[in-house]
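Pasting data.cif here (mmCIF, C-alpha atoms and all ligand atoms):
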```
data_my_file
loop_
_atom_site.label_atom_id
_atom_site.label_comp_id
_atom_site.auth_asym_id
_atom_site.auth_seq_id
_atom_site.Cartn_x
_atom_site.Cartn_y
_atom_site.Cartn_z
CA MET A 1 -9.57 34.67 -29.57
CA SER A 2 -7.24 32.83 -27.32
CA GLY A 3 -6.93 33.64 -23.68
CA LEU A 4 -7.81 32.12 -20.35
CA LEU A 5 -10.72 29.69 -20.13
CA LEU A 6 -11.89 30.11 -16.54
CA GLY A 7 -14.90 28.61 -14.83
CA ALA A 8 -16.21 26.26 -12.20
CA HIS A 9 -17.95 22.96 -11.71
CA MET A 10 -21.66 23.79 -11.91
CA SER A 11 -24.83 22.02 -10.83
CA ILE A 12 -26.98 20.26 -13.44
CA SER A 13 -30.11 20.45 -11.31
CA GLY A 14 -33.08 20.75 -13.66
CA GLY A 15 -31.02 19.79 -16.72
CA VAL A 16 -27.38 19.56 -17.76
CA SER A 17 -27.72 22.70 -19.89
CA ASN A 18 -28.63 24.75 -16.79
CA ALA A 19 -24.94 24.60 -15.89
CA LEU A 20 -24.27 26.90 -18.88
CA ASP A 21 -26.55 29.54 -17.42
CA ALA A 22 -24.75 29.30 -14.09
CA ALA A 23 -21.38 29.60 -15.82
CA ALA A 24 -22.49 32.69 -17.73
CA ALA A 25 -24.04 34.23 -14.60
CA ALA A 26 -20.67 33.84 -12.87
CA GLY A 27 -19.00 35.74 -15.73
CA SER A 28 -16.99 32.68 -16.73
CA ASN A 29 -16.29 31.20 -20.16
CA ALA A 30 -15.73 27.57 -19.14
CA VAL A 31 -17.70 24.98 -17.19
CA GLN A 32 -17.43 21.51 -15.71
CA VAL A 33 -20.45 19.25 -15.19
CA PHE A 34 -21.49 15.78 -14.21
CA THR A 35 -23.72 14.63 -17.08
CA LYS A 36 -25.80 12.53 -14.66
CA ASN A 37 -26.11 11.73 -10.96
CA ASN A 38 -22.46 11.14 -10.01
CA ARG A 39 -23.33 8.60 -7.32
CA GLN A 40 -24.75 6.20 -9.91
CA TRP A 41 -23.05 3.89 -12.37
CA GLY A 42 -25.15 4.85 -15.32
CA GLY A 43 -27.98 7.05 -16.29
CA PRO A 44 -30.71 7.33 -18.87
CA PRO A 45 -29.58 8.28 -22.37
CA ALA A 46 -28.93 11.99 -22.82
CA ASP A 47 -32.13 14.05 -22.90
CA GLN A 48 -32.39 15.12 -26.55
CA ALA A 49 -34.14 18.41 -25.86
CA ASP A 50 -31.60 19.34 -23.20
CA ALA A 51 -28.70 18.36 -25.46
CA ALA A 52 -30.18 20.52 -28.22
CA ARG A 53 -30.49 23.42 -25.77
CA TRP A 54 -26.86 22.86 -24.74
CA HIS A 55 -25.64 23.07 -28.34
CA GLU A 56 -27.60 26.28 -28.88
CA GLN A 57 -26.89 28.00 -25.56
CA MET A 58 -23.18 27.26 -25.21
CA PRO A 59 -22.14 29.70 -27.95
CA ALA A 60 -25.04 32.05 -27.15
CA LEU A 61 -23.89 32.39 -23.53
CA GLY A 62 -20.22 32.76 -24.42
CA VAL A 63 -19.12 29.49 -22.85
CA GLU A 64 -16.11 28.39 -24.88
CA TYR A 65 -15.07 25.23 -23.07
CA ALA A 66 -16.88 22.41 -21.30
CA VAL A 67 -15.62 19.27 -19.61
CA SER A 68 -17.49 16.55 -17.77
CA HIS A 69 -16.38 14.61 -14.71
CA ALA A 70 -17.00 10.86 -14.52
CA THR A 71 -18.57 9.21 -11.50
CA TYR A 72 -16.21 8.43 -8.62
CA LEU A 73 -17.46 4.83 -8.56
CA ILE A 74 -15.36 3.89 -11.58
CA ASN A 75 -12.12 2.03 -10.79
CA LEU A 76 -10.30 0.92 -13.93
CA ALA A 77 -7.37 -0.27 -11.76
CA SER A 78 -9.44 -2.76 -9.79
CA PRO A 79 -8.02 -6.30 -9.60
CA LYS A 80 -11.58 -7.61 -9.25
CA ASP A 81 -12.94 -8.66 -12.63
CA ASP A 82 -16.56 -7.77 -11.89
CA LEU A 83 -15.77 -4.26 -10.67
CA TRP A 84 -13.29 -3.76 -13.51
CA ALA A 85 -15.86 -4.73 -16.15
CA ARG A 86 -18.49 -2.57 -14.49
CA SER A 87 -16.01 0.32 -14.46
CA ILE A 88 -15.34 -0.01 -18.18
CA GLY A 89 -19.10 0.07 -18.75
CA GLY A 90 -19.36 3.14 -16.50
CA GLN A 91 -16.75 5.09 -18.44
CA LYS A 92 -18.33 4.07 -21.74
CA ASP A 93 -21.61 5.49 -20.45
CA GLU A 94 -19.83 8.71 -19.47
CA LEU A 95 -18.18 9.08 -22.89
CA GLN A 96 -21.42 8.42 -24.76
CA ARG A 97 -23.37 10.95 -22.72
CA ALA A 98 -20.60 13.56 -23.08
CA GLN A 99 -20.53 12.95 -26.82
CA ALA A 100 -24.29 13.60 -27.04
CA TYR A 101 -23.61 17.06 -25.60
CA GLY A 102 -20.54 17.66 -27.75
CA ILE A 103 -18.37 17.67 -24.63
CA ARG A 104 -14.96 16.46 -25.79
CA HIS A 105 -13.27 15.81 -22.43
CA VAL A 106 -14.31 13.47 -19.59
CA VAL A 107 -12.15 13.68 -16.45
CA LEU A 108 -11.61 10.34 -14.72
CA HIS A 109 -9.64 9.38 -11.60
CA PRO A 110 -7.22 6.67 -12.82
CA GLY A 111 -8.25 4.30 -10.03
CA ALA A 112 -6.91 2.47 -6.99
CA HIS A 113 -5.10 -0.87 -7.03
CA THR A 114 -6.62 -1.85 -3.64
CA GLY A 115 -3.73 -4.16 -2.79
CA SER A 116 -2.68 -5.68 -6.11
CA GLY A 117 0.31 -3.34 -6.37
CA GLU A 118 1.06 -0.25 -8.44
CA GLU A 119 2.46 -1.98 -11.49
CA ALA A 120 -0.50 -4.33 -11.78
CA GLY A 121 -2.91 -1.45 -11.22
CA LEU A 122 -1.37 0.77 -13.90
CA ALA A 123 -1.45 -2.09 -16.43
CA ARG A 124 -5.07 -2.73 -15.54
CA VAL A 125 -6.02 0.91 -16.29
CA ALA A 126 -4.32 0.80 -19.70
CA ALA A 127 -5.98 -2.53 -20.55
CA ALA A 128 -9.37 -1.09 -19.58
CA LEU A 129 -8.84 1.97 -21.77
CA ASN A 130 -7.83 -0.23 -24.70
CA ARG A 131 -10.94 -2.31 -24.28
CA LEU A 132 -13.31 0.64 -24.06
CA HIS A 133 -11.65 2.35 -27.02
CA ALA A 134 -12.14 -0.81 -29.08
CA GLU A 135 -15.77 -1.08 -28.02
CA LEU A 136 -16.54 2.59 -28.62
CA PRO A 137 -15.16 3.62 -32.04
CA GLU A 138 -17.99 6.17 -32.41
CA CYS A 139 -16.59 8.20 -29.47
CA ALA A 140 -13.06 8.57 -30.87
CA ASP A 141 -13.25 12.39 -30.53
CA THR A 142 -14.31 12.27 -26.87
CA LEU A 143 -11.22 11.95 -24.71
CA THR A 144 -10.76 10.42 -21.27
CA LEU A 145 -8.64 12.80 -19.19
CA LEU A 146 -6.76 10.95 -16.45
CA GLU A 147 -6.64 13.20 -13.40
CA LEU A 148 -3.45 13.62 -11.38
CA THR A 149 -4.29 12.42 -7.86
CA ALA A 150 -2.93 13.29 -4.42
CA GLY A 151 -1.98 9.62 -3.94
CA GLN A 152 -4.35 8.94 -1.07
CA GLY A 153 -4.70 5.28 -0.09
CA THR A 154 -3.81 3.02 -3.01
CA SER A 155 -4.82 5.64 -5.60
CA LEU A 156 -2.72 5.63 -8.74
CA GLY A 157 -1.76 8.58 -10.91
CA TYR A 158 -0.04 10.70 -8.24
CA SER A 159 2.91 11.49 -10.51
CA PHE A 160 3.21 12.53 -14.15
CA GLY A 161 5.49 9.53 -14.62
CA GLN A 162 2.70 7.18 -13.50
CA LEU A 163 0.23 8.83 -15.87
CA ALA A 164 2.82 8.47 -18.66
CA ALA A 165 3.20 4.78 -17.81
CA ILE A 166 -0.55 4.24 -18.27
CA ILE A 167 -0.64 6.19 -21.53
CA ALA A 168 2.40 4.31 -22.88
CA ASP A 169 0.35 1.11 -22.86
CA VAL A 170 -2.70 2.68 -24.53
CA GLU A 171 -2.96 1.82 -28.22
CA THR A 172 -4.82 4.95 -29.37
CA GLN A 173 -3.06 7.55 -27.23
CA GLU A 174 -4.82 10.46 -28.93
CA ARG A 175 -7.98 9.37 -27.08
CA VAL A 176 -6.38 10.06 -23.68
CA GLY A 177 -5.30 13.31 -22.02
CA VAL A 178 -4.50 14.54 -18.51
CA CYS A 179 -6.20 16.88 -16.04
CA VAL A 180 -3.92 18.51 -13.47
CA ASP A 181 -5.60 19.36 -10.16
CA THR A 182 -3.61 21.91 -8.14
CA CYS A 183 -4.79 20.52 -4.78
CA HIS A 184 -3.82 17.01 -5.82
CA ALA A 185 -0.47 18.15 -7.27
CA LEU A 186 0.50 19.79 -3.96
CA GLY A 187 -0.65 16.72 -2.03
CA ALA A 188 1.37 14.51 -4.36
CA GLY A 189 4.50 16.52 -3.55
CA TYR A 190 4.78 19.02 -6.40
CA ASP A 191 5.73 22.32 -4.77
CA PHE A 192 4.83 24.77 -7.54
CA ARG A 193 4.40 27.68 -5.10
CA THR A 194 7.79 29.12 -6.03
CA ALA A 195 8.94 30.04 -9.54
CA GLU A 196 11.66 27.38 -9.31
CA GLY A 197 9.21 24.73 -8.11
CA TYR A 198 6.74 25.59 -10.85
CA ALA A 199 9.50 25.36 -13.47
CA ALA A 200 10.53 21.98 -12.07
CA MET A 201 6.96 20.68 -12.29
CA ILE A 202 6.66 21.91 -15.87
CA GLY A 203 9.98 20.24 -16.67
CA GLU A 204 8.67 16.97 -15.30
CA ILE A 205 5.47 17.28 -17.36
CA GLU A 206 7.55 17.91 -20.49
CA ALA A 207 9.78 14.92 -19.73
CA THR A 208 6.89 12.51 -19.12
CA ILE A 209 3.47 13.12 -20.70
CA GLY A 210 4.35 16.31 -22.64
CA LEU A 211 2.63 19.69 -22.20
CA SER A 212 0.15 19.06 -25.03
CA THR A 213 -1.29 16.05 -23.15
CA VAL A 214 -2.55 18.39 -20.41
CA LYS A 215 -6.08 19.22 -21.59
CA CYS A 216 -7.44 20.90 -18.46
CA TRP A 217 -6.66 22.14 -14.97
CA HIS A 218 -8.64 21.88 -11.78
CA PHE A 219 -8.00 24.95 -9.68
CA ASN A 220 -8.46 24.12 -6.01
CA ASP A 221 -6.55 25.31 -2.98
CA SER A 222 -5.63 22.62 -0.45
CA LYS A 223 -6.40 22.23 3.24
CA PHE A 224 -3.15 20.26 3.61
CA ASP A 225 0.49 21.05 2.92
CA VAL A 226 2.81 19.74 0.22
CA GLY A 227 3.28 15.97 0.18
CA SER A 228 0.28 15.31 2.45
CA ARG A 229 -1.23 12.79 0.02
CA LYS A 230 -4.57 14.22 1.10
CA ASP A 231 -7.34 15.56 -1.15
CA ARG A 232 -9.31 18.29 0.61
CA HIS A 233 -10.22 21.31 -1.50
CA THR A 234 -10.58 24.84 -0.17
CA HIS A 235 -11.04 28.38 -1.49
CA ILE A 236 -8.42 30.06 -3.70
CA GLY A 237 -5.75 31.71 -1.56
CA GLU A 238 -7.05 30.23 1.69
CA GLY A 239 -5.05 27.00 1.68
CA PHE A 240 -1.49 25.76 1.30
CA VAL A 241 -1.29 26.37 -2.46
CA GLY A 242 -1.78 30.10 -1.92
CA LEU A 243 -2.06 32.84 -4.50
CA ASP A 244 1.52 32.52 -5.78
CA GLY A 245 0.94 28.93 -6.85
CA PHE A 246 -2.04 29.91 -9.00
CA SER A 247 -0.25 33.01 -10.32
CA HIS A 248 2.55 30.95 -11.89
CA ILE A 249 0.03 28.88 -13.86
CA LEU A 250 -2.30 31.78 -14.78
CA ASN A 251 0.53 33.92 -16.15
CA ASP A 252 2.08 31.12 -18.19
CA LEU A 253 0.81 31.82 -21.72
CA ARG A 254 1.28 28.18 -22.68
CA TRP A 255 -2.00 27.44 -20.87
CA ASP A 256 -4.09 29.85 -22.94
CA GLY A 257 -7.01 27.91 -24.39
CA ILE A 258 -6.77 25.17 -21.75
CA GLY A 259 -9.76 25.01 -19.38
CA MET A 260 -9.24 25.96 -15.72
CA LEU A 261 -12.10 24.87 -13.49
CA LEU A 262 -12.82 25.42 -9.82
CA GLU A 263 -13.98 22.51 -7.67
CA THR A 264 -14.08 24.58 -4.50
CA PRO A 265 -16.83 24.38 -1.88
CA LYS A 266 -20.12 26.03 -2.81
CA ASP A 267 -22.00 28.32 -0.43
CA GLU A 268 -25.64 27.83 0.59
CA ASP A 269 -26.90 29.66 -2.49
CA GLY A 270 -24.37 27.88 -4.68
CA ASP A 271 -22.75 30.90 -6.30
CA GLY A 272 -21.23 33.47 -3.92
CA ASN A 273 -18.11 31.40 -3.34
CA ASP A 274 -17.58 30.86 -7.07
CA ALA A 275 -17.70 34.61 -7.67
CA ARG A 276 -15.15 35.19 -4.93
CA ASN A 277 -12.81 32.43 -6.15
CA LEU A 278 -13.05 33.45 -9.82
CA ALA A 279 -12.35 37.08 -8.86
CA ALA A 280 -9.33 35.97 -6.85
CA LEU A 281 -7.94 34.11 -9.87
CA ALA A 282 -8.71 36.93 -12.32
CA GLY A 283 -6.95 39.36 -10.01
CA LEU A 284 -3.70 37.42 -10.36
CA VAL A 285 -3.50 37.78 -14.15
CA ASP A 286 -0.92 40.36 -15.26
CA ASP A 287 -2.45 40.96 -18.71
CA PRO A 288 -6.14 41.86 -18.27
CA THR A 289 -6.92 41.16 -21.94
CA ARG A 290 -6.40 37.44 -21.22
CA VAL A 291 -9.15 37.44 -18.57
CA PRO A 292 -12.65 36.37 -19.72
CA PRO A 293 -14.71 39.56 -20.34
CA GLY A 294 -17.19 38.72 -17.59
CA LEU A 295 -14.43 38.54 -15.01
CA ARG A 296 -12.57 41.76 -15.84
CA GLY A 297 -12.56 44.04 -12.81
ZN ZN B 301 -10.15 17.64 -9.51
ZN ZN B 302 -9.80 16.50 -5.34
#
```

Using the file provided, produce a representation of the structure as structure tokens.
Amino acid sequence: MSGLLLGAHMSISGGVSNALDAAAAAGSNAVQVFTKNNRQWGGPPADQADAARWHEQMPALGVEYAVSHATYLINLASPKDDLWARSIGGQKDELQRAQAYGIRHVVLHPGAHTGSGEEAGLARVAAALNRLHAELPECADTLTLLELTAGQGTSLGYSFGQLAAIIADVETQERVGVCVDTCHALGAGYDFRTAEGYAAMIGEIEATIGLSTVKCWHFNDSKFDVGSRKDRHTHIGEGFVGLDGFSHILNDLRWDGIGMLLETPKDEDGDGNDARNLAALAGLVDDPTRVPPGLRG
């Protein structure tokens, strides 16, 4: 059954597979996780018992889509050879761990050129992807999803054209996709809050990376207005994206079957805010049969 895949980033405290329980408890049918401590470069190999539980519980709990997010330490655009090599190793570790769980998508921030210039940085990202693809033939089905950024500092990937430029230099392009974050898109200058603005953004996606390259969305409202180049997430409908911005995406049937994940602030208990944000999104959907069963009002 195809419809909306809606969920949130969930904690892996006590085991990666615990995130599935949290996703199901929230009534969602999609989940994002870190597959290890996200402040570390690498982690121990995937826990076999937990991976087995993941494979069993994902269908049992009705979670249809899962994506992992790579550590923020990775910078494939770095001009420094040691950090660049370490970053390639970091993303390899992420892909291998995701593969052990059967998670097919790993979201990665493209990186920051830190002074070497945009062109050099973009080429560096593509070269890094080519190297890690060559070194990791066994993970050919586990894609790196380059995330659209707000363009803060020297961060690359703040336009679909830049993401297309990276992908153009990748030899096995089927191993790369894109994640569009709504907070980042607004910060980068895409004003999709009006029907015309949304259509223009879609037109740009079609003209650059192509719609089918978009493999997931991050649904975050933004504390800052369009073109701010800032990346500060807030609750759905409480920031500068606003409900209309999310409504255009949610009611566009072309995104059925593409994961939509919240990365909004958690509350003290870790779940009340998710429930509120997921309900806000579900409430914007014109056709209730497209809403995950657990989120139907
Ligand atoms: Zn994001
Ligand atoms: Zn962000």

**Study point:** Which of A:His218, A:His55, A:Arg104, A:Arg254 sits closest to ligand ZN 302 (chain B) [using all atoms listed in the file]
**Key:**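 The closest residue to ligand ZN 302 (chain B) is A:His218.
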
Point to revise | Residue contacts of range 224-241 of chain A (12 Å, all atoms listed in the file) excluding same-chain residues fewer than 3 positions away, as a PyMOL selection string | key: chain A and resi 148-159+181-194+197-198+218-221+244-249+261-267+272-284

Please dump the current selection as a PDB file, keeping the file's coordinate frame; keep C-alpha atoms.
```pdb
ATOM      1  CA  LEU A 148      -3.450  13.620 -11.380  1.00  0.00           C
ATOM      2  CA  THR A 149      -4.290  12.420  -7.860  1.00  0.00           C
ATOM      3  CA  ALA A 150      -2.930  13.290  -4.420  1.00  0.00           C
ATOM      4  CA  GLY A 151      -1.980   9.620  -3.940  1.00  0.00           C
ATOM      5  CA  GLN A 152      -4.350   8.940  -1.070  1.00  0.00           C
ATOM      6  CA  GLY A 153      -4.700   5.280  -0.090  1.00  0.00           C
ATOM      7  CA  THR A 154      -3.810   3.020  -3.010  1.00  0.00           C
ATOM      8  CA  SER A 155      -4.820   5.640  -5.600  1.00  0.00           C
ATOM      9  CA  LEU A 156      -2.720   5.630  -8.740  1.00  0.00           C
ATOM     10  CA  GLY A 157      -1.760   8.580 -10.910  1.00  0.00           C
ATOM     11  CA  TYR A 158      -0.040  10.700  -8.240  1.00  0.00           C
ATOM     12  CA  SER A 159       2.910  11.490 -10.510  1.00  0.00           C
ATOM     13  CA  ASP A 181      -5.600  19.360 -10.160  1.00  0.00           C
ATOM     14  CA  THR A 182      -3.610  21.910  -8.140  1.00  0.00           C
ATOM     15  CA  CYS A 183      -4.790  20.520  -4.780  1.00  0.00           C
ATOM     16  CA  HIS A 184      -3.820  17.010  -5.820  1.00  0.00           C
ATOM     17  CA  ALA A 185      -0.470  18.150  -7.270  1.00  0.00           C
ATOM     18  CA  LEU A 186       0.500  19.790  -3.960  1.00  0.00           C
ATOM     19  CA  GLY A 187      -0.650  16.720  -2.030  1.00  0.00           C
ATOM     20  CA  ALA A 188       1.370  14.510  -4.360  1.00  0.00           C
ATOM     21  CA  GLY A 189       4.500  16.520  -3.550  1.00  0.00           C
ATOM     22  CA  TYR A 190       4.780  19.020  -6.400  1.00  0.00           C
ATOM     23  CA  ASP A 191       5.730  22.320  -4.770  1.00  0.00           C
ATOM     24  CA  PHE A 192       4.830  24.770  -7.540  1.00  0.00           C
ATOM     25  CA  ARG A 193       4.400  27.680  -5.100  1.00  0.00           C
ATOM     26  CA  THR A 194       7.790  29.120  -6.030  1.00  0.00           C
ATOM     27  CA  GLY A 197       9.210  24.730  -8.110  1.00  0.00           C
ATOM     28  CA  TYR A 198       6.740  25.590 -10.850  1.00  0.00           C
ATOM     29  CA  HIS A 218      -8.640  21.880 -11.780  1.00  0.00           C
ATOM     30  CA  PHE A 219      -8.000  24.950  -9.680  1.00  0.00           C
ATOM     31  CA  ASN A 220      -8.460  24.120  -6.010  1.00  0.00           C
ATOM     32  CA  ASP A 221      -6.550  25.310  -2.980  1.00  0.00           C
ATOM     33  CA  ASP A 244       1.520  32.520  -5.780  1.00  0.00           C
ATOM     34  CA  GLY A 245       0.940  28.930  -6.850  1.00  0.00           C
ATOM     35  CA  PHE A 246      -2.040  29.910  -9.000  1.00  0.00           C
ATOM     36  CA  SER A 247      -0.250  33.010 -10.320  1.00  0.00           C
ATOM     37  CA  HIS A 248       2.550  30.950 -11.890  1.00  0.00           C
ATOM     38  CA  ILE A 249       0.030  28.880 -13.860  1.00  0.00           C
ATOM     39  CA  LEU A 261     -12.100  24.870 -13.490  1.00  0.00           C
ATOM     40  CA  LEU A 262     -12.820  25.420  -9.820  1.00  0.00           C
ATOM     41  CA  GLU A 263     -13.980  22.510  -7.670  1.00  0.00           C
ATOM     42  CA  THR A 264     -14.080  24.580  -4.500  1.00  0.00           C
ATOM     43  CA  PRO A 265     -16.830  24.380  -1.880  1.00  0.00           C
ATOM     44  CA  LYS A 266     -20.120  26.030  -2.810  1.00  0.00           C
ATOM     45  CA  ASP A 267     -22.000  28.320  -0.430  1.00  0.00           C
ATOM     46  CA  GLY A 272     -21.230  33.470  -3.920  1.00  0.00           C
ATOM     47  CA  ASN A 273     -18.110  31.400  -3.340  1.00  0.00           C
ATOM     48  CA  ASP A 274     -17.580  30.860  -7.070  1.00  0.00           C
ATOM     49  CA  ALA A 275     -17.700  34.610  -7.670  1.00  0.00           C
ATOM     50  CA  ARG A 276     -15.150  35.190  -4.930  1.00  0.00           C
ATOM     51  CA  ASN A 277     -12.810  32.430  -6.150  1.00  0.00           C
ATOM     52  CA  LEU A 278     -13.050  33.450  -9.820  1.00  0.00           C
ATOM     53  CA  ALA A 279     -12.350  37.080  -8.860  1.00  0.00           C
ATOM     54  CA  ALA A 280      -9.330  35.970  -6.850  1.00  0.00           C
ATOM     55  CA  LEU A 281      -7.940  34.110  -9.870  1.00  0.00           C
ATOM     56  CA  ALA A 282      -8.710  36.930 -12.320  1.00  0.00           C
ATOM     57  CA  GLY A 283      -6.950  39.360 -10.010  1.00  0.00           C
ATOM     58  CA  LEU A 284      -3.700  37.420 -10.360  1.00  0.00           C
TER      59      LEU A 284
END
```

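Taking CA of Val67 in chain A as the reference point, CA of Ala127 in chain A is found at 23.9 Å.
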
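Atom to atom, CA of Asn29 in chain A and CA of Pro288 in chain A stand 14.8 Å apart.
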
Contacts of Leu295 in chain A at 7 Å (only C-alpha atoms; same-chain gap of 2+ positions) as a PDB file with C-alpha atoms, keeping the file's coordinate frame:
```pdb
ATOM      1  CA  GLY A  27     -19.000  35.740 -15.730  1.00  0.00           C
ATOM      2  CA  SER A  28     -16.990  32.680 -16.730  1.00  0.00           C
ATOM      3  CA  ALA A 279     -12.350  37.080  -8.860  1.00  0.00           C
ATOM      4  CA  ALA A 282      -8.710  36.930 -12.320  1.00  0.00           C
ATOM      5  CA  VAL A 291      -9.150  37.440 -18.570  1.00  0.00           C
ATOM      6  CA  PRO A 292     -12.650  36.370 -19.720  1.00  0.00           C
ATOM      7  CA  PRO A 293     -14.710  39.560 -20.340  1.00  0.00           C
ATOM      8  CA  GLY A 297     -12.560  44.040 -12.810  1.00  0.00           C
TER       9      GLY A 297
END
```

Check your understanding: From the set A:Asp252, A:Glu118, A:Glu147, A:Asp269, which residue has the shortest atom-to-atom contact distance to ligand ZN 302 (chain B), counting all atoms listed in the file?
Key ->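 Once distances to ligand ZN 302 (chain B) are computed over all atoms listed in the file, the minimum belongs to A:Glu147.
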
Check your understanding: Near Arg131 in chain A, counting all atoms listed in the file, which residues have an atom at most 12 Å away, once you skip same-chain residues fewer than 3 positions from it, shown as a PyMOL selection string?
Key -> chain A and resi 76+84-85+87-89+91-92+124-128+134-137+169-172

Practice item. Please tell me which residues are no farther than 7 Å from (-19.5, 19.3, -16.0) in the file, counting only C-alpha atoms, and write them as a ChimeraX atom specification. Key: /A:9-10,31-35,66-69

Practice item. In Å, rounded to a single decimal, give me how far CA of Ala30 in chain A is from CA of Ala200 in chain A. Key: 27.8 Å

Point to revise | Which of A:Ser222, A:Arg39, A:Arg290, A:Val214 sits closest to Leu250 in chain A [using only C-alpha atoms] | key: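 Under the stated criterion, the closest residue is A:Arg290.
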
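Among the candidates A:Leu83, A:Tyr72, A:Ala26, A:Ala199, the residue lying nearest to ligand ZN 301 (chain B) is A:Tyr72 (atoms considered: all atoms listed in the file).
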
Study note, to complete from the structure: Among A:Gly43, A:Trp54, A:Val107, A:Asn37, ligand ZN 301 (chain B) is approached most closely, using all atoms listed in the file, by A:Val107

Practice item. Could you check which of A:Val180, A:Leu4, A:Leu73, A:Leu163 is closest to ligand ZN 302 (chain B), using only C-alpha atoms and all ligand atoms? Key: A:Val180

Practice item. Name the residues in contact with Val106 in chain A at a cut-off of 8 Å, using only C-alpha atoms, excluding same-chain residues fewer than 5 positions from it; report them as a count of residues only. Key: 11

I need every residue sitting at most 6 Å from the point (-17.8, 13.5, -28.7) (coordinates as in the file, all atoms listed in the file considered), written as a tab-separated table (two decimals) with C-alpha atoms, in the coordinates of the input.
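Resulting contents of part_2.tsv:
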```tsv
chain	number	residue	atom	x	y	z
A	99	GLN	CA	-20.53	12.95	-26.82
A	102	GLY	CA	-20.54	17.66	-27.75
A	103	ILE	CA	-18.37	17.67	-24.63
A	104	ARG	CA	-14.96	16.46	-25.79
A	139	CYS	CA	-16.59	8.20	-29.47
A	141	ASP	CA	-13.25	12.39	-30.53
A	142	THR	CA	-14.31	12.27	-26.87
```
